[in-house]
Amino acid sequence: MAQRPAPPALSDAPLAPGLYVVATPIGNLRDITLRALDVLAGADLVLAEDTRVSGKLLHAFGIKAKLERYDEHAAERVRPRILEALAAGRRIALVSDAGTPLISDPGFRLVREAAAQGTDVVPIPGACAGVAALCAAGLPTDRFLFAGFPPIKSAARQRFLRELAPIPASLVFYEGVSRLGACLKDMAGVFGPREAVVARELTKLHETITRGTLDRLCVDPSLVAPKGEVVIVVSPGAPTAVSAADADTALIEALTRLGPAEAAGEVAAALGLNRRELYKRALSLKGAR
C-alpha cells in the first residue's frame, strides 16, 4: 500500500509586512491551514480575542509567538499602537477564539483603519461556522444572508426576524445555546413552517445537524437547551407580491429625483419587476403630471 506523503514543513520564506486576518479551527485542530501556520509562526505579534485560547492553539503546533489581547474591551486602547506598528512595517496577525475573524468577532475597525493608512491587509481563509453549517444544511446556497446573533429579548428578536422574513435567500444565524429554544419558537412564529437546520458543535466530537421545519424544531426536546456552539440556517422566504399601486408609489417618488429610464431601473431592481414595463408606466406617470 502506498505511503501517504508527509505534509510540507512550515515555510521559511519571510513574511511581508502587513495585517494578516487569520482563520483558525472552530473545533478540530486539523482544520488549520498550512498557510495560517506559516503566518502565525512568522508574525511579530498575534492579536487574539482571548490569549489563553489562542495560546493553546499555538502550543499545539509548536509555535512560539508574542500574543496580545484584542477584544471589544481592549480594542479602543490598543488600536492606535497597533496601527503605528503596522505603519512601521511590522507583521501582525489577527485571530479570534475560533473561525474567521470579523464574522461576529472584533476587528472591523482595525482592518478599516489599517487599509486607510495604506497597510496591506491579507486574508488567510479557513474555517467559518456559518459557511460550514450552510454547506451541510441542504438548503439553497446560491444566495444567502449572514444575519449574526439575533437580539436577546423576544420582542426585539421578533422585529429583527420580521425584517428578514421576505428576503429570498437562505438565512444564517448564530445563537447562544441558552436562548436556542426561545429563538426557534420566535422564528416559527415569524417565518412559519419553513425548512431549517440547527448545526451544533461543528467539527467537534459531538457534532449534530438537526433538520426539519421550524414548527417541529422549536418543540424538539433535544434543542431546548443543548450544549455547545450553534448555527441556525433557515430556508429562503417567498417573494412578496408587489401591487400596481406599490409600483406606482415607488415610481412617483423616483421620478422626483431621476428621469423615466433611471427611475424604472431603480424600481425594477428594488422590487424585482420588469424594467421595460416600468419604463412605460414611468413615461405615463410623468406625462400625467
# chains A, B, ... in the order shown; residues from 1 in each chain; ligands from 1

call {"tool": "select_by_dssp", "arguments": {"residues": "region 26-181 of chain A", "states": "alpha helix (DSSP H)", "output": "ChimeraX atom specification"}}
result
/A:34-42,51-60,75-87,108-116,129-137,154-164,180-181

call {"tool": "residues_around", "arguments": {"residues": "Ser235 (chain A)", "least_positions_apart": "6", "cutoff": "9 Å", "atoms": "only C-alpha atoms", "output": "list in words"}}
result
Leu139, Pro140, Pro168, Ala169, Ser170, Leu171, Arg194, Glu195, Ala196 and Val197 of chain A

call {"tool": "write_last_selection", "arguments": {"atoms": "N, CA and C atoms", "output": "PDB file, in the first residue's frame"}}
result
ATOM      1  N   LEU A 139     -29.858  23.276   2.134  1.00  0.00           N
ATOM      2  CA  LEU A 139     -30.749  24.374   1.755  1.00  0.00           C
ATOM      3  C   LEU A 139     -30.068  25.190   0.659  1.00  0.00           C
ATOM      4  N   PRO A 140     -30.813  26.023  -0.075  1.00  0.00           N
ATOM      5  CA  PRO A 140     -30.210  26.759  -1.195  1.00  0.00           C
ATOM      6  C   PRO A 140     -28.982  27.570  -0.777  1.00  0.00           C
ATOM      7  N   PRO A 168     -35.367  36.709  -0.178  1.00  0.00           N
ATOM      8  CA  PRO A 168     -35.323  35.436  -0.918  1.00  0.00           C
ATOM      9  C   PRO A 168     -33.933  34.806  -0.896  1.00  0.00           C
ATOM     10  N   ALA A 169     -33.442  34.531   0.294  1.00  0.00           N
ATOM     11  CA  ALA A 169     -32.115  33.933   0.462  1.00  0.00           C
ATOM     12  C   ALA A 169     -32.123  33.081   1.721  1.00  0.00           C
ATOM     13  N   SER A 170     -31.267  32.063   1.755  1.00  0.00           N
ATOM     14  CA  SER A 170     -31.112  31.303   2.989  1.00  0.00           C
ATOM     15  C   SER A 170     -30.535  32.230   4.058  1.00  0.00           C
ATOM     16  N   LEU A 171     -31.023  32.115   5.276  1.00  0.00           N
ATOM     17  CA  LEU A 171     -30.614  32.983   6.378  1.00  0.00           C
ATOM     18  C   LEU A 171     -29.750  32.191   7.351  1.00  0.00           C
ATOM     19  N   ARG A 194     -41.086  27.039   7.741  1.00  0.00           N
ATOM     20  CA  ARG A 194     -40.009  26.914   6.749  1.00  0.00           C
ATOM     21  C   ARG A 194     -39.055  25.786   7.146  1.00  0.00           C
ATOM     22  N   GLU A 195     -38.367  25.256   6.141  1.00  0.00           N
ATOM     23  CA  GLU A 195     -37.304  24.296   6.411  1.00  0.00           C
ATOM     24  C   GLU A 195     -36.146  25.011   7.104  1.00  0.00           C
ATOM     25  N   ALA A 196     -35.509  24.319   8.027  1.00  0.00           N
ATOM     26  CA  ALA A 196     -34.374  24.903   8.740  1.00  0.00           C
ATOM     27  C   ALA A 196     -33.440  23.794   9.222  1.00  0.00           C
ATOM     28  N   VAL A 197     -32.268  24.206   9.620  1.00  0.00           N
ATOM     29  CA  VAL A 197     -31.259  23.275  10.144  1.00  0.00           C
ATOM     30  C   VAL A 197     -30.619  23.909  11.363  1.00  0.00           C
TER      31      VAL A 197
END

call {"tool": "residues_around", "arguments": {"residues": "Ser178 (chain A)", "least_positions_apart": "3", "cutoff": "9 Å", "atoms": "only C-alpha atoms", "output": "number ranges by chain"}}
result
A: 175, 181-182, 224-227

call {"tool": "closest_residue", "arguments": {"among": "A:Gly55, A:Gly138, A:Gly237, A:Pro106", "to": "Arg162 (chain A)", "atoms": "only C-alpha atoms"}}
result
A:Gly237

call {"tool": "residues_around", "arguments": {"residues": "Ala147 (chain A)", "least_positions_apart": "6", "cutoff": "8 Å", "atoms": "only C-alpha atoms", "output": "list in words"}}
result
Leu171, Val172, Phe173 and Tyr174 of chain A

call {"tool": "write_last_selection", "arguments": {"atoms": "C-alpha atoms", "output": "PDB file, in the first residue's frame"}}
result
ATOM      1  CA  LEU A 171     -30.614  32.983   6.378  1.00  0.00           C
ATOM      2  CA  VAL A 172     -27.673  32.076   8.612  1.00  0.00           C
ATOM      3  CA  PHE A 173     -27.774  32.900  12.328  1.00  0.00           C
ATOM      4  CA  TYR A 174     -25.509  32.341  15.317  1.00  0.00           C
TER       5      TYR A 174
END

call {"tool": "atom_distance", "arguments": {"atom1": "CA of Ala74 (chain A)", "atom2": "CA of Ser96 (chain A)"}}
result
13.6 Å

call {"tool": "residues_around", "arguments": {"residues": "Phe160 (chain A)", "least_positions_apart": "5", "cutoff": "10 Å", "atoms": "only C-alpha atoms", "output": "PDB file with N, CA and C atoms, in the first residue's frame"}}
result
ATOM      1  N   ALA A 147     -26.881  36.730   9.151  1.00  0.00           N
ATOM      2  CA  ALA A 147     -27.601  37.685   9.996  1.00  0.00           C
ATOM      3  C   ALA A 147     -27.006  37.812  11.392  1.00  0.00           C
ATOM      4  N   PRO A 150     -29.225  37.067  16.704  1.00  0.00           N
ATOM      5  CA  PRO A 150     -30.485  37.804  16.897  1.00  0.00           C
ATOM      6  C   PRO A 150     -30.473  38.528  18.242  1.00  0.00           C
ATOM      7  N   PRO A 151     -31.307  39.562  18.405  1.00  0.00           N
ATOM      8  CA  PRO A 151     -31.413  40.234  19.702  1.00  0.00           C
ATOM      9  C   PRO A 151     -31.805  39.255  20.808  1.00  0.00           C
ATOM     10  N   SER A 154     -37.196  38.848  23.355  1.00  0.00           N
ATOM     11  CA  SER A 154     -38.114  38.273  22.370  1.00  0.00           C
ATOM     12  C   SER A 154     -38.757  39.330  21.477  1.00  0.00           C
ATOM     13  N   ALA A 155     -39.229  40.440  22.036  1.00  0.00           N
ATOM     14  CA  ALA A 155     -39.901  41.458  21.230  1.00  0.00           C
ATOM     15  C   ALA A 155     -38.961  42.029  20.179  1.00  0.00           C
ATOM     16  N   ALA A 165     -37.789  38.349   7.040  1.00  0.00           N
ATOM     17  CA  ALA A 165     -38.734  37.343   6.543  1.00  0.00           C
ATOM     18  C   ALA A 165     -38.883  37.316   5.022  1.00  0.00           C
ATOM     19  N   VAL A 190     -42.639  33.835  13.298  1.00  0.00           N
ATOM     20  CA  VAL A 190     -42.457  34.870  12.275  1.00  0.00           C
ATOM     21  C   VAL A 190     -42.333  34.271  10.874  1.00  0.00           C
TER      22      VAL A 190
END

call {"tool": "atom_distance", "arguments": {"atom1": "CA of Gly176 (chain A)", "atom2": "CA of Val95 (chain A)"}}
result
20.9 Å

call {"tool": "closest_residue", "arguments": {"among": "A:Leu161, A:Ile63, A:Cys128, A:Ala41", "to": "Gly99 (chain A)", "atoms": "only C-alpha atoms"}}
result
A:Cys128

call {"tool": "select_by_dssp", "arguments": {"residues": "region 52-269 of chain A", "states": "strand (DSSP E)", "output": "number ranges by chain"}}
result
A: 67-69, 91-95, 121-124, 144-148, 170-175, 195-200, 208-213, 230-234

call {"tool": "write_last_selection", "arguments": {"atoms": "N, CA and C atoms", "output": "compact mmCIF listing (two decimals), in the first residue's frame"}}
result
# COMPACT_ATOMS: atom_id res chain seq x y z
N LEU A 67 1.85 37.13 22.00
CA LEU A 67 0.39 37.27 21.99
C LEU A 67 -0.04 38.53 22.72
N GLU A 68 -1.06 39.18 22.19
CA GLU A 68 -1.64 40.33 22.89
C GLU A 68 -3.15 40.29 22.75
N ARG A 69 -3.85 40.63 23.81
CA ARG A 69 -5.31 40.61 23.80
C ARG A 69 -5.85 41.71 22.90
N ARG A 91 4.70 42.94 11.15
CA ARG A 91 3.86 41.86 10.61
C ARG A 91 2.96 41.38 11.75
N ILE A 92 1.67 41.64 11.63
CA ILE A 92 0.76 41.38 12.73
C ILE A 92 -0.38 40.48 12.25
N ALA A 93 -0.66 39.44 13.03
CA ALA A 93 -1.76 38.52 12.72
C ALA A 93 -2.92 38.78 13.67
N LEU A 94 -4.12 38.74 13.16
CA LEU A 94 -5.33 38.91 13.96
C LEU A 94 -6.10 37.59 13.94
N VAL A 95 -6.39 37.04 15.12
CA VAL A 95 -7.20 35.81 15.21
C VAL A 95 -8.32 36.02 16.21
N VAL A 121 -3.66 44.51 3.94
CA VAL A 121 -4.49 43.62 4.76
C VAL A 121 -4.65 42.32 3.98
N VAL A 122 -4.18 41.23 4.57
CA VAL A 122 -4.11 39.95 3.86
C VAL A 122 -5.04 38.94 4.51
N PRO A 123 -6.09 38.48 3.81
CA PRO A 123 -6.96 37.45 4.38
C PRO A 123 -6.32 36.07 4.27
N ILE A 124 -6.33 35.33 5.37
CA ILE A 124 -5.84 33.96 5.37
C ILE A 124 -7.06 33.08 5.64
N PHE A 144 -27.34 33.70 0.05
CA PHE A 144 -27.57 33.58 1.49
C PHE A 144 -27.18 34.87 2.19
N LEU A 145 -27.77 35.06 3.37
CA LEU A 145 -27.50 36.25 4.16
C LEU A 145 -27.04 35.82 5.55
N PHE A 146 -25.89 36.31 5.97
CA PHE A 146 -25.42 36.05 7.33
C PHE A 146 -26.01 37.13 8.23
N ALA A 147 -26.88 36.73 9.15
CA ALA A 147 -27.60 37.68 10.00
C ALA A 147 -27.01 37.81 11.39
N GLY A 148 -25.97 37.04 11.71
CA GLY A 148 -25.32 37.15 13.00
C GLY A 148 -26.20 36.68 14.14
N SER A 170 -31.27 32.06 1.75
CA SER A 170 -31.11 31.30 2.99
C SER A 170 -30.53 32.23 4.06
N LEU A 171 -31.02 32.11 5.28
CA LEU A 171 -30.61 32.98 6.38
C LEU A 171 -29.75 32.19 7.35
N VAL A 172 -28.62 32.75 7.72
CA VAL A 172 -27.67 32.08 8.61
C VAL A 172 -27.55 32.89 9.90
N PHE A 173 -27.82 32.24 11.02
CA PHE A 173 -27.77 32.90 12.33
C PHE A 173 -26.80 32.17 13.25
N TYR A 174 -26.18 32.92 14.16
CA TYR A 174 -25.51 32.34 15.32
C TYR A 174 -26.43 32.56 16.52
N GLU A 175 -26.41 31.63 17.46
CA GLU A 175 -27.23 31.80 18.65
C GLU A 175 -26.59 31.10 19.83
N GLU A 195 -38.37 25.26 6.14
CA GLU A 195 -37.30 24.30 6.41
C GLU A 195 -36.15 25.01 7.10
N ALA A 196 -35.51 24.32 8.03
CA ALA A 196 -34.37 24.90 8.74
C ALA A 196 -33.44 23.79 9.22
N VAL A 197 -32.27 24.21 9.62
CA VAL A 197 -31.26 23.28 10.14
C VAL A 197 -30.62 23.91 11.36
N VAL A 198 -30.45 23.12 12.41
CA VAL A 198 -29.70 23.54 13.58
C VAL A 198 -28.41 22.71 13.62
N ALA A 199 -27.27 23.38 13.45
CA ALA A 199 -25.97 22.71 13.46
C ALA A 199 -25.26 23.05 14.76
N ARG A 200 -24.89 22.02 15.50
CA ARG A 200 -24.30 22.22 16.83
C ARG A 200 -22.93 21.56 16.91
N THR A 208 -23.67 17.65 15.81
CA THR A 208 -25.01 17.18 15.42
C THR A 208 -25.63 18.19 14.46
N ILE A 209 -26.33 17.67 13.46
CA ILE A 209 -27.03 18.50 12.49
C ILE A 209 -28.47 18.02 12.45
N THR A 210 -29.38 18.87 12.91
CA THR A 210 -30.79 18.51 13.03
C THR A 210 -31.59 19.26 11.99
N ARG A 211 -32.31 18.53 11.16
CA ARG A 211 -33.10 19.12 10.07
C ARG A 211 -34.58 18.99 10.34
N GLY A 212 -35.37 19.95 9.84
CA GLY A 212 -36.81 19.87 9.99
C GLY A 212 -37.44 21.21 9.68
N THR A 213 -38.74 21.32 9.88
CA THR A 213 -39.40 22.61 9.73
C THR A 213 -39.34 23.33 11.08
N VAL A 230 -23.85 26.95 18.35
CA VAL A 230 -24.99 26.65 17.47
C VAL A 230 -25.04 27.61 16.28
N VAL A 231 -25.35 27.04 15.10
CA VAL A 231 -25.67 27.82 13.91
C VAL A 231 -27.05 27.38 13.44
N ILE A 232 -27.91 28.35 13.10
CA ILE A 232 -29.24 28.06 12.55
C ILE A 232 -29.26 28.53 11.10
N VAL A 233 -29.70 27.66 10.21
CA VAL A 233 -29.87 28.04 8.80
C VAL A 233 -31.35 27.87 8.46
N VAL A 234 -31.96 28.92 7.90
CA VAL A 234 -33.38 28.92 7.57
C VAL A 234 -33.54 29.10 6.06

call {"tool": "atom_distance", "arguments": {"atom1": "CA of Asp246 (chain A)", "atom2": "CA of Lys280 (chain A)"}}
result
15.8 Å

call {"tool": "closest_residue", "arguments": {"among": "A:Gly287, A:Ala129, A:Arg179, A:Ala16", "to": "Lys204 (chain A)", "atoms": "only C-alpha atoms"}}
result
A:Ala129

call {"tool": "residues_around", "arguments": {"residues": "Ala87 (chain A)", "least_positions_apart": "5", "cutoff": "10 Å", "atoms": "only C-alpha atoms", "output": "list in words"}}
result
Pro17, Gly18, Arg81, Ile82, Ala114, Gln117, Gly118, Thr119 and Asp120 of chain A

call {"tool": "write_last_selection", "arguments": {"atoms": "C-alpha atoms", "output": "short mmCIF file (atom, residue, chain, number, x, y, z; two decimals), in the first residue's frame"}}
result
data_model
loop_
_atom_site.label_atom_id
_atom_site.label_comp_id
_atom_site.auth_asym_id
_atom_site.auth_seq_id
_atom_site.Cartn_x
_atom_site.Cartn_y
_atom_site.Cartn_z
CA PRO A 17 4.77 43.47 6.42
CA GLY A 18 1.04 43.87 6.89
CA ARG A 81 -0.45 51.50 18.92
CA ILE A 82 -1.14 48.59 16.57
CA ALA A 114 -5.17 49.75 8.59
CA GLN A 117 -3.42 54.21 6.19
CA GLY A 118 -2.04 52.12 3.33
CA THR A 119 -1.21 48.92 5.20
CA ASP A 120 -1.63 45.68 3.27
#
